[in-house]
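Containing mmCIF, C-alpha atoms: my_file05.cif.
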```cif
data_upload
#
loop_
_atom_site.label_atom_id
_atom_site.label_comp_id
_atom_site.auth_asym_id
_atom_site.auth_seq_id
_atom_site.Cartn_x
_atom_site.Cartn_y
_atom_site.Cartn_z
CA MET Q 12 -15.78 -2.67 -13.95
CA ALA Q 13 -12.23 -1.54 -14.75
CA SER Q 14 -9.17 -3.16 -16.28
CA ILE Q 15 -5.72 -2.43 -17.65
CA VAL Q 16 -4.46 -4.66 -20.45
CA MET Q 17 -1.01 -4.88 -21.99
CA THR Q 18 0.46 -6.10 -25.26
CA THR Q 19 4.17 -6.50 -25.95
CA ALA Q 20 6.58 -6.71 -28.85
CA ARG Q 21 10.30 -7.47 -28.98
CA SER Q 22 12.92 -6.77 -31.64
CA GLN Q 23 16.55 -7.80 -32.01
CA ALA Q 24 17.07 -5.28 -34.83
CA THR Q 25 19.86 -2.77 -34.22
CA ASP Q 26 18.68 -0.26 -36.81
CA PRO Q 27 16.37 2.19 -34.95
CA GLN Q 28 13.88 2.52 -37.79
CA VAL Q 29 13.60 -1.23 -38.37
CA ALA Q 30 13.25 -1.91 -34.65
CA ALA Q 31 10.67 0.84 -34.14
CA GLU Q 32 8.54 -0.38 -37.02
CA ALA Q 33 8.48 -3.93 -35.65
CA LEU Q 34 7.84 -2.80 -32.09
CA VAL Q 35 5.01 -0.35 -32.69
CA SER Q 36 3.25 -2.50 -35.27
CA GLY Q 37 3.58 -5.45 -32.91
CA LEU Q 38 1.53 -3.71 -30.22
CA GLY Q 39 -1.62 -3.62 -32.32
CA ALA Q 40 -4.04 -0.83 -31.39
CA PRO Q 41 -2.34 2.35 -30.10
CA PRO Q 42 -1.91 2.17 -26.30
CA ARG Q 43 -2.37 4.95 -23.77
CA LEU Q 44 1.15 4.38 -22.40
CA ALA Q 45 4.14 2.70 -24.07
CA VAL Q 46 7.01 1.43 -21.91
CA MET Q 47 10.30 0.69 -23.68
CA PHE Q 48 13.06 -1.48 -22.24
CA ALA Q 49 16.05 -1.07 -24.56
CA SER Q 50 19.41 -2.80 -24.46
CA SER Q 51 22.08 -0.25 -23.53
CA ASP Q 52 24.00 -0.92 -26.75
CA ARG Q 53 21.30 0.85 -28.81
CA ASP Q 54 21.36 4.50 -29.88
CA GLN Q 55 18.73 5.59 -27.38
CA ARG Q 56 17.94 8.97 -28.92
CA ALA Q 57 17.55 7.56 -32.41
CA LEU Q 58 15.41 4.72 -31.09
CA ASN Q 59 13.26 7.10 -29.05
CA ALA Q 60 12.70 9.37 -32.04
CA ALA Q 61 11.78 6.44 -34.29
CA VAL Q 62 9.31 4.94 -31.80
CA ARG Q 63 7.85 8.32 -30.85
CA ALA Q 64 7.26 9.15 -34.52
CA ARG Q 65 5.21 5.98 -34.99
CA LEU Q 66 3.03 6.45 -31.91
CA PRO Q 67 0.07 8.84 -31.89
CA ALA Q 68 0.47 12.06 -29.92
CA THR Q 69 -2.03 10.75 -27.38
CA THR Q 70 0.26 7.83 -26.44
CA ARG Q 71 2.77 8.63 -23.72
CA LEU Q 72 6.20 7.00 -23.83
CA ILE Q 73 8.62 6.08 -21.04
CA GLY Q 74 11.58 3.74 -20.94
CA ALA Q 75 15.14 3.01 -19.94
CA THR Q 76 18.40 1.33 -20.85
CA THR Q 77 18.72 -2.22 -19.64
CA ALA Q 78 21.14 -5.00 -18.79
CA GLY Q 79 18.64 -7.53 -20.16
CA GLU Q 80 15.02 -7.54 -21.25
CA ILE Q 81 11.98 -9.61 -20.23
CA ASP Q 82 8.80 -10.65 -22.02
CA HIS Q 83 6.46 -13.66 -22.20
CA GLU Q 84 9.25 -15.76 -23.71
CA GLY Q 85 11.56 -15.19 -20.75
CA LEU Q 86 14.88 -13.39 -20.29
CA HIS Q 87 16.75 -11.83 -23.21
CA THR Q 88 19.83 -9.75 -23.96
CA GLY Q 89 20.62 -7.36 -26.79
CA SER Q 90 16.99 -6.61 -27.65
CA VAL Q 91 14.28 -4.00 -27.20
CA VAL Q 92 10.93 -4.79 -25.58
CA LEU Q 93 8.00 -2.41 -25.99
CA ALA Q 94 4.91 -2.77 -23.82
CA GLY Q 95 1.65 -1.01 -24.58
CA LEU Q 96 -0.86 -0.41 -21.78
CA ALA Q 97 -4.48 0.43 -22.49
CA GLY Q 98 -7.70 0.49 -20.52
CA ASP Q 99 -9.18 2.33 -17.59
CA PHE Q 100 -6.43 4.55 -16.24
CA GLU Q 101 -4.97 8.01 -16.34
CA VAL Q 102 -1.24 8.56 -16.26
CA GLY Q 103 0.95 11.52 -15.36
CA LEU Q 104 4.67 11.57 -16.14
CA GLY Q 105 7.47 13.40 -14.36
CA LEU Q 106 11.20 13.70 -15.00
CA GLY Q 107 13.68 14.79 -12.33
CA ARG Q 108 17.14 15.89 -13.43
CA HIS Q 109 20.54 16.38 -11.72
CA LEU Q 110 19.99 13.25 -9.67
CA SER Q 111 23.58 12.98 -8.49
CA GLU Q 112 23.78 16.60 -7.31
CA ALA Q 113 20.29 17.11 -5.88
CA PRO Q 114 18.44 13.77 -5.56
CA VAL Q 115 15.79 14.95 -3.10
CA GLU Q 116 14.93 17.90 -5.34
CA ALA Q 117 14.92 15.67 -8.43
CA GLY Q 118 12.44 13.33 -6.78
CA ALA Q 119 10.18 16.18 -5.67
CA ALA Q 120 10.27 17.78 -9.13
CA ALA Q 121 9.40 14.55 -10.91
CA MET Q 122 6.50 13.86 -8.56
CA ALA Q 123 5.18 17.43 -8.81
CA GLN Q 124 5.20 17.24 -12.61
CA ALA Q 125 3.40 13.87 -12.69
CA CYS Q 126 0.80 15.08 -10.21
CA ALA Q 127 0.23 18.29 -12.17
CA GLU Q 128 -0.57 16.20 -15.23
CA LEU Q 129 -3.20 14.37 -13.16
CA GLY Q 130 -4.54 17.69 -11.85
CA SER Q 131 -3.85 16.92 -8.19
CA PRO Q 132 -1.17 18.02 -5.70
CA PRO Q 133 0.77 15.09 -4.21
CA GLU Q 134 -0.87 15.34 -0.79
CA ASP Q 135 -4.35 14.98 -2.33
CA LEU Q 136 -3.65 11.78 -4.26
CA ASP Q 137 -6.00 8.92 -3.42
CA THR Q 138 -3.44 6.25 -2.53
CA ALA Q 139 -6.02 3.49 -2.98
CA ARG Q 140 -6.35 4.46 -6.65
CA CYS Q 141 -2.84 5.77 -7.41
CA VAL Q 142 0.49 4.01 -7.75
CA GLY Q 143 3.81 5.17 -9.11
CA LEU Q 144 6.33 3.39 -11.34
CA VAL Q 145 9.84 4.80 -10.83
CA ILE Q 146 12.97 4.31 -12.96
CA ASP Q 147 16.15 6.06 -11.89
CA ASP Q 148 19.69 6.27 -13.25
CA GLY Q 149 20.86 3.28 -11.25
CA PHE Q 150 24.58 4.07 -11.32
CA ARG Q 151 24.06 7.28 -9.34
CA TYR Q 152 23.15 5.26 -6.22
CA LYS Q 153 20.68 7.90 -5.04
CA LYS Q 154 17.53 5.86 -4.55
CA GLU Q 155 17.02 6.62 -0.88
CA GLU Q 156 17.38 10.37 -1.30
CA LEU Q 157 15.23 10.25 -4.45
CA LEU Q 158 12.46 8.50 -2.53
CA ILE Q 159 12.59 11.14 0.22
CA GLY Q 160 11.80 13.78 -2.40
CA MET Q 161 9.12 11.76 -4.14
CA LEU Q 162 7.30 10.82 -0.96
CA ASP Q 163 7.76 14.06 0.97
CA ARG Q 164 4.20 15.32 0.51
CA ASN Q 165 2.46 11.94 0.50
CA PRO Q 166 4.43 9.20 2.28
CA ASP Q 167 1.58 6.70 1.87
CA LEU Q 168 1.90 6.64 -1.92
CA VAL Q 169 3.12 3.26 -3.21
CA LEU Q 170 6.14 3.39 -5.51
CA VAL Q 171 7.80 0.45 -7.25
CA GLY Q 172 10.54 0.09 -9.85
CA GLY Q 173 14.26 -0.11 -10.36
CA GLY Q 174 17.34 1.50 -11.80
CA ALA Q 175 18.12 1.92 -15.48
CA SER Q 176 21.16 -0.22 -16.17
CA ASN Q 177 23.87 -1.06 -18.67
CA THR Q 178 25.37 -4.30 -19.92
CA ILE Q 179 28.70 -2.91 -18.69
CA PHE Q 180 28.27 -2.96 -14.91
CA ASP Q 181 30.89 -0.33 -14.19
CA PRO Q 182 29.72 3.09 -13.00
CA SER Q 183 32.97 4.70 -14.16
CA ALA Q 184 32.62 3.41 -17.73
CA ALA Q 185 28.90 2.98 -18.31
CA GLN Q 186 26.00 5.34 -18.74
CA THR Q 187 22.32 4.69 -18.20
CA GLN Q 188 19.44 6.65 -19.69
CA VAL Q 189 15.72 7.13 -19.13
CA HIS Q 190 13.05 8.07 -21.68
CA VAL Q 191 10.09 10.38 -21.13
CA ASP Q 192 8.18 11.04 -24.33
CA GLY Q 193 10.72 12.66 -26.68
CA GLU Q 194 13.37 13.27 -24.02
CA VAL Q 195 16.27 10.94 -23.28
CA ALA Q 196 18.20 11.87 -20.16
CA THR Q 197 21.01 10.59 -17.97
CA ASP Q 198 21.58 11.50 -14.31
CA ALA Q 199 17.79 11.59 -14.02
CA ALA Q 200 14.76 9.70 -12.72
CA LEU Q 201 11.22 9.32 -14.00
CA VAL Q 202 7.92 8.56 -12.38
CA ALA Q 203 4.78 7.36 -14.13
CA LEU Q 204 1.84 7.95 -11.84
CA PHE Q 205 -1.21 5.77 -12.53
CA ARG Q 206 -4.73 6.59 -11.34
CA THR Q 207 -7.15 3.72 -11.84
CA ASP Q 208 -10.06 1.73 -10.43
CA ALA Q 209 -8.62 -1.47 -11.89
CA PRO Q 210 -7.04 -3.97 -9.49
CA TRP Q 211 -3.34 -3.34 -8.92
CA ALA Q 212 -0.56 -4.30 -6.55
CA ALA Q 213 3.11 -3.61 -5.96
CA LEU Q 214 4.86 -6.89 -5.17
CA ARG Q 215 8.35 -8.16 -4.59
CA SER Q 216 9.91 -11.59 -4.65
CA HIS Q 217 13.28 -12.98 -3.60
CA TRP Q 218 14.69 -16.47 -3.23
CA TYR Q 219 15.82 -16.30 0.38
CA GLU Q 220 14.45 -17.30 3.77
CA PRO Q 221 15.35 -15.91 7.21
CA THR Q 222 17.74 -17.87 9.41
CA GLY Q 223 17.05 -16.15 12.73
CA GLN Q 224 20.73 -15.21 12.90
CA THR Q 225 21.42 -11.49 13.13
CA LEU Q 226 24.35 -9.11 12.95
CA THR Q 227 24.70 -5.48 14.00
CA ILE Q 228 26.31 -2.72 11.96
CA THR Q 229 28.36 -1.06 14.69
CA LYS Q 230 30.37 1.45 12.65
CA VAL Q 231 29.86 3.05 9.21
CA ASP Q 232 31.84 5.55 7.16
CA ASP Q 233 30.79 9.13 6.37
CA SER Q 234 28.97 8.05 3.17
CA CYS Q 235 26.86 5.59 5.21
CA THR Q 236 27.41 2.97 2.50
CA ARG Q 237 30.45 1.17 3.97
CA ALA Q 238 30.23 -0.99 7.05
CA LEU Q 239 33.51 -0.54 8.92
CA GLU Q 240 32.59 -2.77 11.84
CA ILE Q 241 30.04 -5.55 12.37
CA ASP Q 242 29.39 -6.75 15.92
CA GLY Q 243 32.27 -4.53 17.03
CA GLN Q 244 34.79 -6.30 14.76
CA PRO Q 245 36.29 -5.47 11.33
CA ALA Q 246 33.32 -5.87 9.00
CA ALA Q 247 34.61 -8.22 6.30
CA ARG Q 248 36.38 -10.49 8.77
CA ARG Q 249 33.27 -10.78 10.94
CA TYR Q 250 30.94 -11.49 8.00
CA ALA Q 251 33.31 -14.15 6.68
CA GLU Q 252 33.39 -15.71 10.15
CA LEU Q 253 29.59 -15.84 10.29
CA LEU Q 254 29.46 -17.56 6.90
CA GLY Q 255 32.41 -19.89 7.56
CA VAL Q 256 34.32 -18.67 4.50
CA THR Q 257 37.36 -16.51 3.77
CA VAL Q 258 37.09 -12.80 3.04
CA ASP Q 259 38.13 -13.52 -0.57
CA GLU Q 260 34.97 -15.62 -1.00
CA LEU Q 261 32.53 -12.92 0.10
CA GLU Q 262 31.97 -10.76 -3.00
CA PHE Q 263 28.46 -10.87 -4.44
CA GLY Q 264 28.15 -13.53 -7.14
CA LEU Q 265 30.75 -15.89 -5.72
CA PRO Q 266 29.22 -19.25 -4.81
CA ARG Q 267 29.74 -19.08 -1.01
CA GLY Q 268 29.49 -15.36 -0.36
CA PHE Q 269 27.00 -12.51 -0.10
CA SER Q 270 24.67 -13.85 -2.80
CA GLU Q 271 24.23 -17.08 -0.85
CA ARG Q 272 23.82 -15.46 2.57
CA PRO Q 273 22.75 -11.82 2.15
CA THR Q 274 21.24 -9.59 4.82
CA GLY Q 275 17.70 -8.33 5.18
CA ILE Q 276 16.01 -5.72 7.32
CA ARG Q 277 12.75 -6.52 9.10
CA VAL Q 278 9.91 -4.05 8.57
CA GLY Q 279 6.89 -5.31 10.45
CA ARG Q 280 6.25 -8.81 9.15
CA GLU Q 281 8.28 -8.28 6.00
CA ILE Q 282 11.98 -8.62 5.27
CA PHE Q 283 13.51 -6.38 2.64
CA LEU Q 284 16.80 -7.53 1.08
CA ARG Q 285 19.69 -5.10 1.57
CA SER Q 286 22.63 -7.29 0.71
CA PRO Q 287 26.31 -6.41 0.96
CA TRP Q 288 28.05 -5.93 -2.37
CA LYS Q 289 31.81 -6.36 -1.99
CA PRO Q 290 34.55 -6.48 0.65
CA LEU Q 291 37.12 -3.71 0.27
CA PRO Q 292 40.90 -3.80 0.78
CA ASP Q 293 40.65 -1.86 4.04
CA GLY Q 294 38.49 -4.60 5.59
CA SER Q 295 35.20 -2.75 5.23
CA ILE Q 296 32.15 -3.91 3.25
CA LEU Q 297 30.46 -1.82 0.57
CA PHE Q 298 26.66 -2.01 0.59
CA ALA Q 299 24.38 -0.91 -2.26
CA ASN Q 300 22.20 1.05 0.14
CA MET Q 301 22.70 3.42 3.07
CA LEU Q 302 23.41 2.02 6.52
CA ASP Q 303 22.63 3.15 10.05
CA GLU Q 304 24.95 2.49 12.93
CA ASP Q 305 23.46 0.02 15.42
CA ALA Q 306 21.11 -1.33 12.73
CA GLU Q 307 20.34 -5.01 13.20
CA LEU Q 308 20.22 -7.05 10.00
CA GLU Q 309 19.16 -10.66 9.60
CA LEU Q 310 21.21 -13.19 7.70
CA MET Q 311 19.21 -14.88 4.97
CA ARG Q 312 19.61 -18.28 3.30
CA ARG Q 313 19.06 -19.06 -0.39
CA VAL Q 314 16.27 -21.44 -1.40
CA ASP Q 315 15.40 -22.93 -4.82
CA MET Q 316 15.80 -20.00 -7.21
CA VAL Q 317 13.74 -21.33 -10.08
CA GLN Q 318 10.90 -22.84 -8.05
CA SER Q 319 10.45 -19.75 -5.88
CA THR Q 320 10.23 -17.53 -8.98
CA HIS Q 321 7.71 -19.83 -10.66
CA ASP Q 322 5.60 -20.05 -7.49
CA PHE Q 323 5.57 -16.28 -7.18
CA PHE Q 324 4.10 -15.86 -10.66
CA THR Q 325 1.62 -18.73 -10.44
CA THR Q 326 0.47 -18.49 -6.83
CA GLU Q 327 1.31 -15.26 -5.00
CA LEU Q 328 0.74 -12.77 -7.80
CA PRO Q 329 -2.74 -14.06 -8.77
CA ARG Q 330 -3.66 -14.10 -5.08
CA ARG Q 331 -2.78 -10.42 -4.79
CA VAL Q 332 -4.24 -9.18 -8.10
CA ALA Q 333 -7.60 -10.32 -9.40
CA SER Q 334 -7.40 -11.62 -12.98
CA PRO Q 335 -3.87 -10.27 -13.66
CA THR Q 336 -3.52 -8.83 -17.15
CA ALA Q 337 -0.24 -6.89 -17.06
CA THR Q 338 3.00 -7.20 -15.08
CA LEU Q 339 5.87 -4.73 -15.28
CA LEU Q 340 9.00 -6.42 -13.95
CA PHE Q 341 12.19 -4.97 -12.46
CA HIS Q 342 14.61 -7.84 -12.02
CA CYS Q 343 17.80 -7.29 -10.02
CA GLY Q 344 20.99 -7.65 -12.04
CA GLY Q 345 22.45 -9.37 -8.98
CA ARG Q 346 19.92 -12.17 -9.40
CA MET Q 347 21.30 -12.70 -12.88
CA TRP Q 348 24.85 -12.91 -11.51
CA THR Q 349 23.67 -15.57 -9.09
CA ALA Q 350 21.81 -17.45 -11.82
CA HIS Q 351 24.92 -17.42 -14.01
CA SER Q 352 27.14 -18.62 -11.16
CA HIS Q 353 24.80 -21.60 -10.62
CA GLY Q 354 24.27 -22.33 -14.33
CA ILE Q 355 20.49 -21.93 -14.20
CA VAL Q 356 19.85 -18.96 -16.50
CA ASP Q 357 17.84 -21.01 -18.98
CA ARG Q 358 15.71 -22.53 -16.24
CA LEU Q 359 15.15 -19.14 -14.62
CA SER Q 360 14.17 -17.71 -17.99
CA GLN Q 361 11.59 -20.46 -18.35
CA ALA Q 362 10.13 -19.54 -14.95
CA PHE Q 363 9.46 -16.03 -16.22
CA THR Q 364 7.19 -17.39 -18.95
CA ALA Q 365 4.65 -18.11 -16.18
CA ALA Q 366 4.19 -14.38 -15.51
CA PRO Q 367 0.87 -12.92 -16.73
CA THR Q 368 1.64 -10.70 -19.78
CA PRO Q 369 5.08 -9.59 -18.58
CA ALA Q 370 7.47 -6.90 -19.76
CA GLY Q 371 10.51 -5.66 -17.93
CA MET Q 372 14.24 -5.43 -17.53
CA ASN Q 373 17.27 -6.38 -15.48
CA VAL Q 374 17.90 -3.35 -13.30
CA CYS Q 375 20.61 -1.66 -11.27
CA PHE Q 376 19.06 -2.17 -7.81
CA GLU Q 377 15.37 -1.89 -6.97
CA LEU Q 378 12.94 0.25 -5.04
CA PHE Q 379 9.81 -0.89 -3.29
CA ARG Q 380 7.46 1.43 -1.47
CA GLY Q 381 9.80 3.71 0.49
CA PHE Q 382 12.84 1.42 0.47
CA ALA Q 383 15.92 0.96 -1.66
CA ILE Q 384 16.50 -2.79 -1.88
CA ASN Q 385 18.48 -5.30 -3.92
CA THR Q 386 18.65 -8.98 -4.89
CA THR Q 387 14.90 -8.76 -5.52
CA LEU Q 388 12.32 -8.84 -8.29
CA THR Q 389 9.90 -5.91 -7.91
CA VAL Q 390 6.63 -5.90 -9.81
CA LEU Q 391 3.79 -3.55 -10.66
CA ALA Q 392 0.81 -5.70 -11.63
CA PHE Q 393 -2.59 -4.71 -12.99
CA GLY Q 394 -5.75 -6.75 -13.46
CA ASP Q 395 -9.40 -6.84 -14.43
CA SER Q 396 -12.13 -6.17 -11.87
CA ASP Q 397 -14.69 -8.11 -13.93
CA PRO Q 398 -14.87 -11.60 -12.34
CA ARG Q 399 -15.84 -13.03 -15.72
CA ALA Q 400 -12.37 -12.15 -17.03
CA SER Q 401 -10.83 -15.18 -15.33
CA SER Q 402 -13.51 -17.60 -16.49
#
```

Exercise: express the given structure as structure tokens:
Amino acid sequence: MASIVMTTARSQATDPQVAAEALVSGLGAPPRLAVMFASSDRDQRALNAAVRARLPATTRLIGATTAGEIDHEGLHTGSVVLAGLAGDFEVGLGLGRHLSEAPVEAGAAAMAQACAELGSPPEDLDTARCVGLVIDDGFRYKKEELLIGMLDRNPDLVLVGGGASNTIFDPSAAQTQVHVDGEVATDAALVALFRTDAPWAALRSHWYEPTGQTLTITKVDDSCTRALEIDGQPAARRYAELLGVTVDELEFGLPRGFSERPTGIRVGREIFLRSPWKPLPDGSILFANMLDEDAELELMRRVDMVQSTHDFFTTELPRRVASPTATLLFHCGGRMWTAHSHGIVDRLSQAFTAAPTPAGMNVCFELFRGFAINTTLTVLAFGDSDPRASS
């Protein structure tokens, strides 16, 4: 029998010492791994030092800056959440630097370091027993290249996570940071590699359904992030035509635009959300992920945001993970924009209270397996293999 259990604590205190005392004492017994989700307005280095000083040397520490925090009481802002994981697992940590300049190399370096701590080269990892949690500097927009480096020597390894974020969603003005033990770094990415016999699953949830209507990206720019043409026509004009709106109504977060009718890419039986972000003055559309010319994307349609989130936590997650005891959540900041635009933040927050022992953050775009995605909640869930645990 094997299990991973998690306790959480949250503090609104801005003083690093006061916050750290409340957080660490709130976890109870020292965990094997502590995961800290800290509002970006905190002094990250002072907070890291204060938390690290109160944890035993045997407890590893990872974390990131956030644009909102999550625990069993729902969605929060301006706080710090600390999760402590204990039980039947080993963990190896890796930190890759210079993400913006050399993202593939940063991913490979982080994975090699984490694997070395587990005593196994990446290609020898048992992918049935190993899973990786990844947090990157979200404002570098290097997820796809980062994943190439991380998965180069073992493409079957499951990775899940999201981008460290900031309450100021402006890459030119904001900075995001990641924590690995006593280090706090920007322009970096971390991986926490778990090896366990406990039940686990990487999951993702979004509040859209396919429409059967498709579009084709027929021309992209040199960065492969701007669609210049869709279906052989100027991109923004064609997308607006498909939605029956004006180009000025398209930008993500507006009530009739991209957040209502995003695009997804079919991978087997699954659809991964890769929504447009904003129309640009030259008539192109900026995406949050890389694009391929001649790629066919499917238009999606929004469903009930609160009900779909509640159903995910109460039905799908328990079906995928036996006796769930810990859920690490990476919630797209774009979902929060949409919730705000529809006035349902409080109701969405209440839906998160149905998650089994949750801790997480609002992120700057998500990653799931080998894909950079958006407009999605990604989850790493652990459970208890003892059937008596659910009785």

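What the PyMOL selection byres ((chain Q and resi 109) around 10) grabs from this file is Gly107, Arg108, Leu110, Ser111, Glu112, Ala113, Pro114, Val115, Glu116, Ala117, Gly118, Ala196, Thr197, Asp198, Ala199 and Ala200 of chain Q.
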
Taking 2 positions as the minimum chain separation for residues in the same chain, which residues sit within 10 Å of Q:Thr336 when counting all atoms listed in the file? Answer as a ChimeraX atom specification. /Q:14-18,96,210-211,329,332-334,338,366-369,392-395,400-401

Env of Q:Gln124: 9 Å cut, atoms = all atoms listed in the file, seq-sep filter 3 positions within chain, self excluded. Answer as a list in words.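 Those residues are Gly103, Leu104, Gly105, Leu106, Gly107, Ala119, Ala120, Ala121, Ala127, Glu128 and Leu129 of chain Q.
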
Explicit residue set for the PyMOL selection byres ((chain Q and resi 291) around 10), as a list of chain:residue names: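 That expression, the PyMOL selection byres ((chain Q and resi 291) around 10), corresponds here to Q:Arg237, Q:Leu239, Q:Ala246, Q:Ala247, Q:Val258, Q:Asp259, Q:Glu262, Q:Trp288, Q:Lys289, Q:Pro290, Q:Pro292, Q:Asp293, Q:Gly294, Q:Ser295, Q:Ile296, Q:Leu297.
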
Taking all atoms of stretch 42-59 of chain Q that the file lists and extending 3 Å past them on each side, where is the centre of the axis-aligned box and how long are its edges? Answer in Å to one decimal, as AutoDock Vina command-line options.
```
--center_x 10.8 --center_y 3.1 --center_z -27.2 --size_x 32.4 --size_y 17.8 --size_z 16.5
```

Can you list every residue of stretch 216-289 of chain Q that has an atom at most 12 Å from stretch 139-163 of chain Q, with its nearest atom pair and the distance in Å to one decimal, using only C-alpha atoms, ordered by chain then number, as a Markdown table?
```
| residue | atom | partner | partner_atom | distance |
| --- | --- | --- | --- | --- |
| Q:Ser234 | CA | Q:Tyr152 | CA | 11.4 |
| Q:Cys235 | CA | Q:Glu155 | CA | 11.6 |
| Q:Thr236 | CA | Q:Tyr152 | CA | 10.0 |
```

Run the PyMOL selection byres ((chain Q and resi 347-349) around 12) against the file shown and list the residues it catches, as a PyMOL selection string. chain Q and resi 78-80+86-88+178+180+218+262-273+288+313+315-317+341-346+350-360+372-376+385-388

I'd like the contact shell of Q:His190 - 6 Å cut-off, only C-alpha atoms, skipping same-chain residues fewer than 5 positions apart - returned as a PyMOL selection string. chain Q and resi 73-75+195

Please determine, counting only C-alpha atoms, which residue among Q:Val191, Q:Ala61, Q:Leu254, Q:Ala238 has the shortest atom-to-atom distance to Q:Met301.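 For Q:Met301, the nearest of the given residues is Q:Ala238.
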
Can you tell me how far atom CA of Q:Leu44 sits from atom CA of Q:Val202, in Å to one decimal?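 Atom-to-atom, atom CA of Q:Leu44 and atom CA of Q:Val202 are spaced 12.8 Å apart.
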
For atom CA of Q:Val91 and atom CA of Q:Thr326, determine how far apart the two atoms are, in Å to one decimal place.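 Interatomic distance, atom CA of Q:Val91 to atom CA of Q:Thr326: 28.6 Å.
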
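Compared by their closest atoms to Q:Thr76, and using all atoms listed in the file, the residues Q:Ala60, Q:Ala94, Q:Ala175, Q:Leu38 rank with Q:Ala175 nearest.
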
From the set Q:Asp82, Q:Glu101, Q:Asp26, Q:Glu260, which residue has the shortest atom-to-atom contact distance to Q:Ala209, counting only C-alpha atoms?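 Selected residue with least distance to Q:Ala209: Q:Glu101.
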
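The two atoms in question, atom CA of Q:His321 and atom CA of Q:His83, are spaced 13.1 Å apart.
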
I need the residue nearest Q:Ala299 from this list: Q:Val102, Q:Asp322, Q:Arg56, Q:Thr274. Use all atoms listed in the file for the distance.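 Ranked by minimum distance to Q:Ala299, first place goes to Q:Thr274.
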